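Participant: The structure file input02.pdb (PDB, C-alpha atoms) is provided below.
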ATOM      1  CA  MET A   1      77.320 105.415  87.789
ATOM      2  CA  PRO A   2      80.757 106.499  89.075
ATOM      3  CA  ALA A   3      81.678 105.707  92.648
ATOM      4  CA  VAL A   4      82.123 108.677  95.001
ATOM      5  CA  PRO A   5      83.469 109.189  98.523
ATOM      6  CA  SER A   6      81.437 107.491 101.219
ATOM      7  CA  ALA A   7      80.035 109.374 104.178
ATOM      8  CA  SER A   8      82.859 107.952 106.300
ATOM      9  CA  GLY A   9      85.423 109.561 104.034
ATOM     10  CA  ALA A  10      86.975 106.289 102.892
ATOM     11  CA  GLU A  11      88.414 106.155  99.417
ATOM     12  CA  VAL A  12      86.168 104.585  96.812
ATOM     13  CA  ILE A  13      87.706 103.124  93.682
ATOM     14  CA  ASP A  14      85.900 103.795  90.436
ATOM     15  CA  HIS A  15      86.492 101.787  87.296
ATOM     16  CA  GLU A  16      88.443 104.714  85.909
ATOM     17  CA  PHE A  17      89.654 107.061  88.685
ATOM     18  CA  SER A  18      89.995 106.993  92.452
ATOM     19  CA  PHE A  19      88.188 109.864  94.196
ATOM     20  CA  SER A  20      88.678 110.163  97.949
ATOM     21  CA  ARG A  21      87.012 112.415 100.479
ATOM     22  CA  ALA A  22      90.315 114.282 100.697
ATOM     23  CA  ASP A  23      90.198 114.851  96.930
ATOM     24  CA  PHE A  24      86.671 116.237  97.156
ATOM     25  CA  ASP A  25      87.580 118.538 100.035
ATOM     26  CA  ARG A  26      90.582 119.785  98.073
ATOM     27  CA  VAL A  27      88.345 120.605  95.097
ATOM     28  CA  ARG A  28      85.997 122.480  97.433
ATOM     29  CA  GLU A  29      88.884 124.476  98.869
ATOM     30  CA  LEU A  30      90.343 125.367  95.478
ATOM     31  CA  ILE A  31      87.086 126.451  93.826
ATOM     32  CA  TYR A  32      86.186 128.505  96.905
ATOM     33  CA  LYS A  33      89.523 130.315  96.902
ATOM     34  CA  HIS A  34      89.516 130.884  93.163
ATOM     35  CA  ALA A  35      85.866 131.662  92.420
ATOM     36  CA  GLY A  36      84.093 132.049  95.774
ATOM     37  CA  ILE A  37      81.860 129.049  95.024
ATOM     38  CA  SER A  38      80.784 126.959  98.033
ATOM     39  CA  LEU A  39      80.214 123.300  97.163
ATOM     40  CA  HIS A  40      78.192 121.332  99.712
ATOM     41  CA  ASP A  41      78.553 117.658 100.504
ATOM     42  CA  GLY A  42      75.858 116.623  98.049
ATOM     43  CA  LYS A  43      78.023 117.618  95.076
ATOM     44  CA  HIS A  44      80.363 114.595  95.074
ATOM     45  CA  ALA A  45      78.889 112.979  91.974
ATOM     46  CA  MET A  46      78.714 116.286  90.101
ATOM     47  CA  VAL A  47      82.367 117.057  90.830
ATOM     48  CA  TYR A  48      83.452 113.572  89.755
ATOM     49  CA  SER A  49      81.446 113.684  86.536
ATOM     50  CA  ARG A  50      82.632 117.123  85.466
ATOM     51  CA  LEU A  51      86.278 116.990  86.518
ATOM     52  CA  SER A  52      86.904 113.461  85.280
ATOM     53  CA  ARG A  53      86.751 114.949  81.776
ATOM     54  CA  ARG A  54      89.750 117.127  82.655
ATOM     55  CA  LEU A  55      91.664 114.092  83.949
ATOM     56  CA  ARG A  56      91.100 112.313  80.647
ATOM     57  CA  GLU A  57      92.064 115.330  78.583
ATOM     58  CA  THR A  58      95.216 116.077  80.609
ATOM     59  CA  GLY A  59      96.289 112.445  80.939
ATOM     60  CA  HIS A  60      96.174 112.213  84.738
ATOM     61  CA  LYS A  61      95.383 108.873  86.361
ATOM     62  CA  SER A  62      93.930 110.157  89.640
ATOM     63  CA  PHE A  63      92.258 113.225  91.107
ATOM     64  CA  ALA A  64      95.131 113.631  93.556
ATOM     65  CA  ALA A  65      97.660 113.800  90.710
ATOM     66  CA  TYR A  66      95.522 116.235  88.712
ATOM     67  CA  LEU A  67      94.940 118.580  91.658
ATOM     68  CA  GLN A  68      98.627 118.596  92.568
ATOM     69  CA  TRP A  69      99.514 119.420  88.960
ATOM     70  CA  LEU A  70      96.842 122.150  88.867
ATOM     71  CA  GLU A  71      98.217 123.831  91.989
ATOM     72  CA  ASN A  72     101.768 123.737  90.661
ATOM     73  CA  ALA A  73     100.947 124.750  87.086
ATOM     74  CA  SER A  74     102.279 128.158  86.042
ATOM     75  CA  GLY A  75     102.444 130.478  83.059
ATOM     76  CA  ALA A  76      99.980 130.308  80.200
ATOM     77  CA  GLU A  77      99.365 126.583  80.734
ATOM     78  CA  GLY A  78      98.469 127.154  84.380
ATOM     79  CA  THR A  79      96.171 130.078  83.602
ATOM     80  CA  GLN A  80      94.367 128.022  80.958
ATOM     81  CA  GLU A  81      93.911 124.986  83.209
ATOM     82  CA  TRP A  82      92.578 127.059  86.116
ATOM     83  CA  GLN A  83      90.026 128.451  83.668
ATOM     84  CA  GLU A  84      89.084 124.925  82.557
ATOM     85  CA  PHE A  85      88.766 123.881  86.213
ATOM     86  CA  VAL A  86      86.376 126.767  86.895
ATOM     87  CA  ASN A  87      84.446 126.146  83.670
ATOM     88  CA  CYS A  88      83.841 122.547  84.743
ATOM     89  CA  LEU A  89      82.427 123.477  88.140
ATOM     90  CA  THR A  90      80.175 126.416  87.292
ATOM     91  CA  THR A  91      76.464 125.872  86.747
ATOM     92  CA  ASN A  92      74.686 127.501  83.808
ATOM     93  CA  LEU A  93      70.903 127.401  83.809
ATOM     94  CA  THR A  94      69.226 130.119  81.790
ATOM     95  CA  SER A  95      66.592 130.974  79.205
ATOM     96  CA  PHE A  96      65.212 134.028  77.435
ATOM     97  CA  PHE A  97      63.102 136.268  79.704
ATOM     98  CA  ARG A  98      63.555 133.995  82.709
ATOM     99  CA  GLU A  99      61.713 135.461  85.738
ATOM    100  CA  GLU A 100      59.625 137.529  83.359
ATOM    101  CA  HIS A 101      58.394 140.021  85.971
ATOM    102  CA  HIS A 102      61.886 141.527  86.024
ATOM    103  CA  PHE A 103      61.628 142.543  82.396
ATOM    104  CA  HIS A 104      58.255 144.219  82.909
ATOM    105  CA  ALA A 105      59.825 146.166  85.782
ATOM    106  CA  LEU A 106      62.883 146.949  83.653
ATOM    107  CA  THR A 107      60.642 148.453  80.968
ATOM    108  CA  ASP A 108      59.122 150.837  83.512
ATOM    109  CA  ASP A 109      62.519 151.708  84.988
ATOM    110  CA  LEU A 110      64.025 152.490  81.590
ATOM    111  CA  LYS A 111      61.388 154.963  80.433
ATOM    112  CA  PRO A 112      62.577 157.860  82.677
ATOM    113  CA  LEU A 113      66.040 157.380  81.125
ATOM    114  CA  ALA A 114      64.856 157.997  77.562
ATOM    115  CA  GLY A 115      67.293 160.167  75.628
ATOM    116  CA  LYS A 116      70.133 159.589  78.116
ATOM    117  CA  PRO A 117      73.130 157.220  77.943
ATOM    118  CA  VAL A 118      72.246 154.085  79.897
ATOM    119  CA  ARG A 119      74.650 151.493  81.303
ATOM    120  CA  ILE A 120      73.564 148.036  82.460
ATOM    121  CA  TRP A 121      75.663 145.191  83.813
ATOM    122  CA  CYS A 122      74.625 141.543  83.568
ATOM    123  CA  CYS A 123      76.920 139.756  86.060
ATOM    124  CA  ALA A 124      76.209 136.184  84.931
ATOM    125  CA  ALA A 125      75.770 136.245  81.174
ATOM    126  CA  SER A 126      76.018 132.462  80.795
ATOM    127  CA  THR A 127      75.172 131.468  77.207
ATOM    128  CA  GLY A 128      73.693 134.899  76.463
ATOM    129  CA  GLU A 129      69.947 134.558  76.856
ATOM    130  CA  GLU A 130      69.797 136.990  79.775
ATOM    131  CA  PRO A 131      71.819 139.874  78.269
ATOM    132  CA  TYR A 132      69.970 139.517  74.970
ATOM    133  CA  SER A 133      66.648 139.596  76.858
ATOM    134  CA  ILE A 134      67.838 142.806  78.525
ATOM    135  CA  ALA A 135      68.814 144.267  75.144
ATOM    136  CA  ILE A 136      65.449 143.345  73.608
ATOM    137  CA  THR A 137      63.650 145.009  76.525
ATOM    138  CA  CYS A 138      65.798 148.141  76.093
ATOM    139  CA  SER A 139      65.007 148.298  72.393
ATOM    140  CA  GLU A 140      61.283 147.898  73.022
ATOM    141  CA  ALA A 141      61.277 150.504  75.800
ATOM    142  CA  LEU A 142      63.646 153.126  74.341
ATOM    143  CA  GLY A 143      63.885 152.363  70.625
ATOM    144  CA  SER A 144      66.661 150.930  68.482
ATOM    145  CA  ASN A 145      68.621 154.205  68.540
ATOM    146  CA  ALA A 146      68.910 154.365  72.329
ATOM    147  CA  GLN A 147      72.300 155.235  73.828
ATOM    148  CA  MET A 148      72.727 151.856  75.455
ATOM    149  CA  GLN A 149      75.727 149.909  76.751
ATOM    150  CA  ILE A 150      75.319 146.475  78.314
ATOM    151  CA  VAL A 151      78.317 144.788  79.910
ATOM    152  CA  ALA A 152      77.729 141.025  80.023
ATOM    153  CA  SER A 153      80.268 139.119  82.085
ATOM    154  CA  ASP A 154      80.790 135.555  83.262
ATOM    155  CA  ILE A 155      83.582 133.561  84.839
ATOM    156  CA  ASP A 156      83.003 130.652  82.427
ATOM    157  CA  THR A 157      84.761 131.344  79.118
ATOM    158  CA  ASN A 158      83.018 128.483  77.301
ATOM    159  CA  VAL A 159      79.522 129.869  77.820
ATOM    160  CA  LEU A 160      80.741 133.370  76.930
ATOM    161  CA  ASN A 161      81.876 132.102  73.535
ATOM    162  CA  THR A 162      78.362 130.769  72.947
ATOM    163  CA  ALA A 163      76.900 134.109  74.057
ATOM    164  CA  ARG A 164      79.118 136.066  71.667
ATOM    165  CA  ARG A 165      77.979 133.922  68.742
ATOM    166  CA  GLY A 166      74.336 134.595  69.577
ATOM    167  CA  VAL A 167      73.091 131.442  67.825
ATOM    168  CA  TYR A 168      70.261 129.420  69.381
ATOM    169  CA  ASN A 169      67.646 126.816  68.554
ATOM    170  CA  ALA A 170      64.630 128.337  66.842
ATOM    171  CA  ASP A 171      62.358 126.868  69.515
ATOM    172  CA  ALA A 172      64.323 128.485  72.370
ATOM    173  CA  ARG A 173      62.120 128.888  75.437
ATOM    174  CA  GLY A 174      60.894 132.393  76.269
ATOM    175  CA  LEU A 175      60.717 133.915  72.778
ATOM    176  CA  ASP A 176      57.398 134.720  71.126
ATOM    177  CA  SER A 177      56.899 134.923  67.356
ATOM    178  CA  ASN A 178      57.025 138.724  67.266
ATOM    179  CA  ARG A 179      60.378 138.923  69.046
ATOM    180  CA  LEU A 180      61.753 136.132  66.894
ATOM    181  CA  LYS A 181      60.862 138.092  63.780
ATOM    182  CA  THR A 182      62.080 141.451  65.086
ATOM    183  CA  PHE A 183      65.367 140.558  66.763
ATOM    184  CA  PHE A 184      66.591 137.331  65.146
ATOM    185  CA  MET A 185      67.549 135.989  61.738
ATOM    186  CA  ARG A 186      66.416 132.483  60.822
ATOM    187  CA  GLY A 187      68.955 130.005  59.521
ATOM    188  CA  THR A 188      68.559 128.292  56.171
ATOM    189  CA  GLY A 189      70.033 125.160  54.643
ATOM    190  CA  GLY A 190      72.428 123.541  57.100
ATOM    191  CA  ASN A 191      71.439 126.141  59.701
ATOM    192  CA  SER A 192      67.743 125.412  59.454
ATOM    193  CA  GLY A 193      66.157 125.278  62.890
ATOM    194  CA  ARG A 194      68.627 127.832  64.244
ATOM    195  CA  ILE A 195      68.344 131.560  64.876
ATOM    196  CA  ARG A 196      70.974 134.285  65.226
ATOM    197  CA  VAL A 197      70.676 137.560  67.136
ATOM    198  CA  LYS A 198      70.625 140.528  64.741
ATOM    199  CA  PRO A 199      73.821 142.651  64.694
ATOM    200  CA  GLU A 200      71.941 145.819  65.635
ATOM    201  CA  LEU A 201      71.055 144.193  68.976
ATOM    202  CA  GLN A 202      74.490 142.657  69.531
ATOM    203  CA  ARG A 203      76.217 146.021  69.092
ATOM    204  CA  TRP A 204      74.941 147.156  72.494
ATOM    205  CA  ILE A 205      76.581 144.262  74.361
ATOM    206  CA  ASP A 206      80.187 143.934  75.476
ATOM    207  CA  PHE A 207      80.897 140.344  76.533
ATOM    208  CA  LYS A 208      83.838 139.899  78.865
ATOM    209  CA  SER A 209      85.348 137.307  81.172
ATOM    210  CA  LEU A 210      85.203 138.409  84.809
ATOM    211  CA  ASN A 211      85.700 136.695  88.162
ATOM    212  CA  LEU A 212      83.603 138.330  90.875
ATOM    213  CA  MET A 213      86.376 137.418  93.325
ATOM    214  CA  ASP A 214      88.869 139.698  91.563
ATOM    215  CA  ALA A 215      89.962 142.580  93.777
ATOM    216  CA  GLN A 216      89.450 145.137  91.007
ATOM    217  CA  TRP A 217      86.840 145.237  88.266
ATOM    218  CA  SER A 218      87.561 147.268  85.148
ATOM    219  CA  LEU A 219      84.009 148.086  84.084
ATOM    220  CA  GLY A 220      84.017 151.778  83.138
ATOM    221  CA  GLU A 221      81.426 154.326  84.235
ATOM    222  CA  PRO A 222      78.941 153.459  87.023
ATOM    223  CA  PHE A 223      75.869 151.445  86.106
ATOM    224  CA  HIS A 224      72.226 152.497  86.266
ATOM    225  CA  ILE A 225      71.087 148.865  86.548
ATOM    226  CA  VAL A 226      72.761 145.591  87.527
ATOM    227  CA  PHE A 227      71.378 142.098  86.953
ATOM    228  CA  CYS A 228      73.009 139.655  89.375
ATOM    229  CA  ARG A 229      70.474 136.864  89.388
ATOM    230  CA  ASN A 230      70.997 133.411  90.889
ATOM    231  CA  VAL A 231      74.693 134.094  91.462
ATOM    232  CA  MET A 232      74.830 134.690  95.210
ATOM    233  CA  ILE A 233      73.235 131.308  95.940
ATOM    234  CA  TYR A 234      76.641 129.758  95.197
ATOM    235  CA  PHE A 235      78.432 131.973  97.754
ATOM    236  CA  ASP A 236      78.577 131.780 101.548
ATOM    237  CA  PRO A 237      77.389 134.864 103.536
ATOM    238  CA  PRO A 238      80.842 136.512 103.894
ATOM    239  CA  THR A 239      81.458 136.171 100.157
ATOM    240  CA  GLN A 240      77.974 137.491  99.379
ATOM    241  CA  ARG A 241      78.679 140.561 101.461
ATOM    242  CA  LYS A 242      82.043 141.139  99.760
ATOM    243  CA  VAL A 243      80.486 140.926  96.294
ATOM    244  CA  LEU A 244      77.559 143.177  97.251
ATOM    245  CA  GLU A 245      79.984 145.829  98.503
ATOM    246  CA  ARG A 246      81.851 145.717  95.204
ATOM    247  CA  ILE A 247      78.636 145.879  93.169
ATOM    248  CA  HIS A 248      77.554 148.848  95.286
ATOM    249  CA  ARG A 249      80.776 150.670  94.345
ATOM    250  CA  VAL A 250      80.205 150.326  90.582
ATOM    251  CA  MET A 251      76.582 151.543  90.632
ATOM    252  CA  ARG A 252      75.085 155.010  90.402
ATOM    253  CA  PRO A 253      73.236 156.380  93.448
ATOM    254  CA  ASN A 254      69.700 154.921  93.489
ATOM    255  CA  GLY A 255      70.709 152.401  90.838
ATOM    256  CA  LEU A 256      68.725 149.164  90.695
ATOM    257  CA  LEU A 257      69.923 145.635  91.471
ATOM    258  CA  PHE A 258      67.878 142.728  90.096
ATOM    259  CA  VAL A 259      68.460 139.422  91.927
ATOM    260  CA  GLY A 260      67.172 135.848  91.799
ATOM    261  CA  HIS A 261      63.861 134.735  93.269
ATOM    262  CA  SER A 262      65.556 132.818  96.116
ATOM    263  CA  GLU A 263      68.031 135.562  97.054
ATOM    264  CA  ASN A 264      67.459 137.975  99.940
ATOM    265  CA  PHE A 265      69.811 140.752 100.998
ATOM    266  CA  THR A 266      67.857 142.481 103.726
ATOM    267  CA  ASP A 267      70.892 141.966 105.995
ATOM    268  CA  SER A 268      72.741 144.483 103.795
ATOM    269  CA  ARG A 269      70.339 147.391 104.276
ATOM    270  CA  ASP A 270      73.295 149.763 104.484
ATOM    271  CA  LEU A 271      74.001 148.968 100.825
ATOM    272  CA  PHE A 272      70.626 148.201  99.231
ATOM    273  CA  ARG A 273      66.999 148.677 100.211
ATOM    274  CA  LEU A 274      64.254 146.428  98.895
ATOM    275  CA  ARG A 275      62.178 148.243  96.292
ATOM    276  CA  GLY A 276      60.058 145.482  94.830
ATOM    277  CA  LYS A 277      59.893 141.754  94.213
ATOM    278  CA  THR A 278      63.616 140.749  94.161
ATOM    279  CA  ILE A 279      64.609 144.270  93.070
ATOM    280  CA  TYR A 280      66.833 146.409  95.287
ATOM    281  CA  GLU A 281      67.791 150.085  95.150
ATOM    282  CA  ARG A 282      71.311 151.261  95.900
ATOM    283  CA  VAL A 283      71.510 153.299  99.085
TER     284      VAL A 283
END
Go ahead and render the structure in this file as structure tokens.

Facilitator:
Amino acid sequence: MPAVPSASGAEVIDHEFSFSRADFDRVRELIYKHAGISLHDGKHAMVYSRLSRRLRETGHKSFAAYLQWLENASGAEGTQEWQEFVNCLTTNLTSFFREEHHFHALTDDLKPLAGKPVRIWCCAASTGEEPYSIAITCSEALGSNAQMQIVASDIDTNVLNTARRGVYNADARGLDSNRLKTFFMRGTGGNSGRIRVKPELQRWIDFKSLNLMDAQWSLGEPFHIVFCRNVMIYFDPPTQRKVLERIHRVMRPNGLLFVGHSENFTDSRDLFRLRGKTIYERV
């Protein structure tokens, strides 16, 4: 078990790397500035575990040396390492049809849009289960020939690569036998026990890297529906408000915002009004 900063802030020496309270606070400051993520004091061990991999891979002997190098890095190397830094510190917990009530509601909300072009944004695509669940729901509600475009974004480029591949374990949680048969191809031989999303479902989805802290989002026409679930829990209230304002700007009037079960935005009634269980309507 790696040593971490003590409550007093004294430096603790691990067998491999030193990790002081000042180092931890610097990580918190950098990830907040770059990605809006607020790390609380209980994340010492997580930060050590995840970032120590970057120290090994970049050849740095201490967190202080790595963080100084990161801040001074420039050009393509700097851009790549900032991305690796963010990838290490983001959390990705997902499954197919997670918070299932949202997909029943989505089915009802899609039906009035039959025959029309529909745009949906999934703000935290992670490894792809959520955007593919959205696409499956769209196909079931509107048919395979629906005029559908789903933008699936994430700040973590590693999970996006997994999402683009669309390959999962055959026993992936949340998929019943009918959906497995309809929307996935089963692997054979060396790929036995794996499934791949069918191309006709993937064609609806545009995966792209996006940082919600960016001043400008290039996302195209306004969205009818936005899924931003279990994202705001990593932001402090001022950052939440900033992101909600930006989401509001890229949505159609009366568009729907689906959020996580522990997220509540009743303080932003000027932007969104609560319409149902963790579903908001754009004002």

Participant: In Å, rounded to a single decimal, give me how far atom CA of Trp204 of chain A is from atom CA of Gly276 of chain A.

Facilitator: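 About the pair atom CA of Gly276 of chain A and atom CA of Trp204 of chain A: they are 26.9 Å apart.
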
Participant: Which polymer residues, whether protein, DNA or RNA, lie within 12 Å of the coordinate (85.0, 152.7, 85.5) when you count only C-alpha atoms? List them as a count of residues only, using the chain letters and numbers from the file.

Facilitator: 14

Participant: Got a sec: who's within 7 Å of Phe184 of chain A, counting only C-alpha atoms, leaving out chain neighbours fewer than 3 positions off, as a PyMOL selection string?

Facilitator: chain A and resi 180-181+195-198

Participant: Would you mind reading off the distance between atom CA of Asp25 of chain A and atom CA of His40 of chain A, one decimal, in Å?

Facilitator: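 Separating atom CA of Asp25 of chain A from atom CA of His40 of chain A is a distance of 9.8 Å.
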
Participant: With distances taken over only C-alpha atoms, which of A:Asn191, A:Gly75, A:Ile233, A:Ala141 is nearest to Gly260 of chain A?

Facilitator: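 Between A:Asn191, A:Gly75, A:Ile233, A:Ala141, the residue approaching Gly260 of chain A most closely is A:Ile233.
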
Participant: How many Å lie between atom CA of Asp109 of chain A and atom CA of Ile279 of chain A, rounded to one decimal?

Facilitator: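 Atom-to-atom, atom CA of Asp109 of chain A to atom CA of Ile279 of chain A, that is 11.2 Å.
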
Participant: Please expand the PyMOL selection byres ((chain A and resi 137) around 12) into the concrete residues it hits in this file, giving the result as an MDAnalysis selection string.

Facilitator: chainID A and resid 96:97 100:111 120 130:136 138:144 146 148 150 179 183 201

Participant: I want to know what sits within 8 Å of Glu263 of chain A, based on all atoms listed in the file, with residues of the same chain fewer than 2 positions away left out; could you give that as a PDB file with C-alpha atoms, keeping the file's coordinate frame?

Facilitator:
ATOM      1  CA  ASN A 230      70.997 133.411  90.889  1.00  0.00           C
ATOM      2  CA  MET A 232      74.830 134.690  95.210  1.00  0.00           C
ATOM      3  CA  ILE A 233      73.235 131.308  95.940  1.00  0.00           C
ATOM      4  CA  VAL A 259      68.460 139.422  91.927  1.00  0.00           C
ATOM      5  CA  GLY A 260      67.172 135.848  91.799  1.00  0.00           C
ATOM      6  CA  HIS A 261      63.861 134.735  93.269  1.00  0.00           C
ATOM      7  CA  PHE A 265      69.811 140.752 100.998  1.00  0.00           C
ATOM      8  CA  THR A 278      63.616 140.749  94.161  1.00  0.00           C
TER       9      THR A 278
END
